[in-house]
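> Following this message is one structure expressed as C-alpha cells.
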Amino acid sequence: MSGAVATRPRQAARLSGPVRSGAKRSLRLYGELTAGLRPGPDFLIIGAKRGGTTSLWNYLQEHPLVLPLLPARQRIKGPHFFDSNFQLGMRWYRSHFPTSAWRRALERRGGGPVVAGDASPYYLFHPLAAERAAELAGDSKVIALLRDPVERAFSHYKERMRHGAEPLSFEEALEAEPERLAGEAERIVAEPGYSSFAHEHHSYVAQSRYLDMLPAWLERFPRERVLLLPSEDLYADPQATLDRVTAFLGLPGRRLRDRTKHNYHPAADMLPSTRQHLRGLFAEHNRELSERLGMRFDWT
C-alpha cells in the first residue's frame with residue numbers, strides 16, 4: 001500500500017507535462033477562435049538581436065498600461081510571427097493579444113489608453129518581416145535598438161556557444177559565415193515556410209550591418225512611427241531610455257523598480273586582433289549609418 005502511495009507523486013509529475021501542454025493548446029485554440037475580437041500589436045520591438053530587447057521588454061512590462069501577451073503567466077516576449085511562424089496564420093498571431101473588451105476594462109481601471117506589443121529580435125534581419133508587418137500590422141509603432149556592431153556580433157556568438165549551437169571558435173565562425181549564409185536569404189524569400197537556422201543564428205557579422213536591413217523598415221513605416229535607440233544608452237541609463245519609449249508610445253512615465261540586465265552573461269573577451277579586425281570591417285558602415293540616420297553612435 002505504501003509503495004502504491006509513494007508512486008502517486010511520480011505519476012502526478014508524469015501527468016503534469018501533458019496536462020500543461022493540453023492547457024496551453026486549449027488556451028491558444030480559444031484565442032484563435034476569438035481572434036476577431038483581438039486587435040493586433042500597437043508596437044513592435046524588432047531587434048537588434050543581443051541589443052537589449054529582452055531588458056526593454058521587461059522594463060515595459062512593469063508599466064500598468066502595457067499589456068502582456070497571452071497567456072500572461074508564460075511571459076511571452078514575442079511569438080516570432082513575422083519571421084519564423086508566419087505559416088501559422090493571422091488568427092494564431094492575434095490569439096496572443098488581449099480582446100478589445102479586456103483592453104477597455106483595463107483602460108477604465110488604469111485611467112489611460114493601454115498598449116500591447118510584440119518583441120521578436122529576428123524581425124529586423126529577416127528578409128520578409130518588414131513587408132509582412134507593414135501589410136498586416138501597418139499601424140504599429142516600430143522600435144529598434146542598435147548595438148555596437150562588434151559587441152553585438154560577439155555577444156551573438158557567445159549566446160550560440162551557451163546553447164551548444166556553435167562548434168567553432170569565434171574567429172572560425174567569422175570565416176565560415178559567408179559560406180554558411182550563402183543563398184539562405186534568397187531561399188527564405190523564394191520558399192514560403194522555409195526557416196534557416198544559419199540565417200538566424202550564425203549571422204554574426206550580417207546581423208550587425210544595420211544598413212542592410214533598416215531600409216526595408218524605413219521604406220514601409222513613416223519615420224515618425226519608428227524609434228531608433230542606441231543599445232548603449234539603454235545599458236547606461238535604463239530609466240532615460242524607458243522614458244523615451246513610453247513617450248513614443250503615448251504613455252505616462254513610470255519609475256523603474258527593477259533595472260536587471262536581462263539575458264546578460266559575463267564571459268571572456270574576444271582576442272584583441274579579432275576586435276581590431278572587426279573595428280576595421282565596420283568602420284565605413286558605421287559612418288554611413290550615422291549619416292543616414294542623423295544619429296551619433298559612441299562606437300569606438
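Residue numbers start at 1 in each chain; chains themselves are named A, B, ... in the order of the C-alpha cells; ligands are numbered from 1 in the order shown.
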Select from range 54-247 of chain A everything DSSP, run on the backbone, classes as strand (DSSP E), then give the selection as a PyMOL selection string.
chain A and resi 66-67+115-119+141-146+226-230
> Residues of range 139-225 of chain A within 12 Å of range 71-85 of chain A: nearest atom pair and distance (Å, one decimal) for each, counting only C-alpha atoms, sorted by chain and number, as a tab-separated table?

```
residue	atom	partner	partner_atom	distance
A:Ala185	CA	A:Asp83	CA	11.9
A:Ile188	CA	A:Asp83	CA	9.7
A:Val189	CA	A:Asp83	CA	11.0
A:Pro192	CA	A:Ser84	CA	10.5
A:Gly193	CA	A:Ser84	CA	7.7
A:Tyr194	CA	A:Ser84	CA	8.3
A:Ser195	CA	A:Ser84	CA	6.3
A:Ser196	CA	A:Ser84	CA	8.9
A:Phe197	CA	A:Ser84	CA	10.2
A:His199	CA	A:Ser84	CA	11.4
A:Glu200	CA	A:Ser84	CA	9.6
```
> Taking the DSSP secondary structure from the backbone, can you list the residues of range 41-177 of chain A that are alpha helix (DSSP H), as JSON, numbers by chain?
{"A": [53, 54, 55, 56, 57, 58, 59, 60, 61, 90, 91, 92, 93, 94, 100, 101, 102, 103, 104, 105, 106, 107, 108, 109, 110, 129, 130, 131, 132, 133, 134, 135, 136, 149, 150, 151, 152, 153, 154, 155, 156, 157, 158, 159, 160, 161, 162, 170, 171, 172, 173, 174, 175, 176, 177]}
> Taking 3 positions as the minimum chain separation for residues in the same chain, which residues sit within 9 Å of range 164-177 of chain A when counting only C-alpha atoms? Answer as a ChimeraX atom specification.
/A:154,157-161,180-182,198,201-206,270-271,274
> Could you state the separation of CA of Ser100 in chain A and CA of Ile46 in chain A in Å, given to one decimal place?
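That distance, rounded to one decimal, is 24.1 Å.
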> Could you check the closest approach to Leu289 in chain A for each of A:Lys49, A:His156, A:Arg209, A:Arg132 and tell me which residue wins, using only C-alpha atoms?
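Closest to Leu289 in chain A of all the choices is A:Arg209.
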> Do a neighbour search on Leu37 in chain A at 9 Å with only C-alpha atoms, toss out local chain neighbours closer than 4 positions, and write the hits as number ranges by chain.
A: 94, 98-101
> Using the selection just defined, write its residues with N, CA and C atoms as a compact mmCIF listing (two decimals), in the first residue's frame.

```txt
# COMPACT_ATOMS: atom_id res chain seq x y z
N ARG A 94 -3.04 36.78 -33.70
CA ARG A 94 -3.96 37.59 -32.90
C ARG A 94 -4.32 36.92 -31.58
N PRO A 98 -4.70 40.69 -26.14
CA PRO A 98 -5.94 40.79 -25.36
C PRO A 98 -7.11 41.26 -26.23
N THR A 99 -8.31 40.92 -25.78
CA THR A 99 -9.51 41.33 -26.51
C THR A 99 -9.76 42.83 -26.32
N SER A 100 -10.57 43.39 -27.22
CA SER A 100 -10.93 44.80 -27.11
C SER A 100 -11.66 45.07 -25.80
N ALA A 101 -12.53 44.13 -25.39
CA ALA A 101 -13.28 44.32 -24.14
C ALA A 101 -12.34 44.38 -22.94
```
> Separation of CA of Pro64 in chain A and CA of Ala130 in chain A, in Å?
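About the pair CA of Pro64 in chain A and CA of Ala130 in chain A: they are 28.7 Å apart.
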> Can you work out the spacing between CA of Arg91 in chain A and CA of Leu136 in chain A in Å, to one decimal?
11.5 Å
> Pick from A:Gly89, A:Pro178, A:Pro121, A:Pro68: nearest to Arg50 in chain A, with only C-alpha atoms counted?
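With only C-alpha atoms as the atom set, the closest residue is A:Pro121.
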> Taking only C-alpha atoms into account, which of A:Ser120, A:Gln87, A:Ser140, A:Gln207 comes nearest Asp42 in chain A?
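Closest to Asp42 in chain A of all the choices is A:Ser140.
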> From the set A:His63, A:Lys141, A:Arg296, A:His96, which residue has the shortest atom-to-atom contact distance to Leu256 in chain A, counting only C-alpha atoms?
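The shortest atom-to-atom distance to Leu256 in chain A comes from A:His63.
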> So which residues touch Arg104 in chain A within 12 Å, counting only C-alpha atoms, skipping near sequence neighbours fewer than 3 positions away, as number ranges by chain?
A: 38-39, 65, 67, 98-101, 107-115
> How would the residues just picked look written out with C-alpha atoms as a PDB file, in the first residue's frame?

```pdb
ATOM      1  CA  ARG A  38      -8.378  40.847 -30.550  1.00  0.00           C
ATOM      2  CA  PRO A  39      -6.626  43.891 -32.035  1.00  0.00           C
ATOM      3  CA  LEU A  65      -0.722  50.338 -19.239  1.00  0.00           C
ATOM      4  CA  LEU A  67      -0.370  44.578 -21.577  1.00  0.00           C
ATOM      5  CA  PRO A  98      -5.938  40.795 -25.360  1.00  0.00           C
ATOM      6  CA  THR A  99      -9.515  41.331 -26.508  1.00  0.00           C
ATOM      7  CA  SER A 100     -10.932  44.804 -27.110  1.00  0.00           C
ATOM      8  CA  ALA A 101     -13.281  44.321 -24.143  1.00  0.00           C
ATOM      9  CA  GLU A 107      -8.202  51.462 -19.659  1.00  0.00           C
ATOM     10  CA  ARG A 108     -11.007  52.377 -17.258  1.00  0.00           C
ATOM     11  CA  ARG A 109      -9.059  50.869 -14.380  1.00  0.00           C
ATOM     12  CA  GLY A 110      -5.715  52.409 -15.384  1.00  0.00           C
ATOM     13  CA  GLY A 111      -7.061  55.812 -16.362  1.00  0.00           C
ATOM     14  CA  GLY A 112      -5.500  55.900 -19.809  1.00  0.00           C
ATOM     15  CA  PRO A 113      -5.003  54.083 -23.104  1.00  0.00           C
ATOM     16  CA  VAL A 114      -3.313  50.706 -22.927  1.00  0.00           C
ATOM     17  CA  VAL A 115      -0.919  49.211 -25.472  1.00  0.00           C
TER      18      VAL A 115
END
```
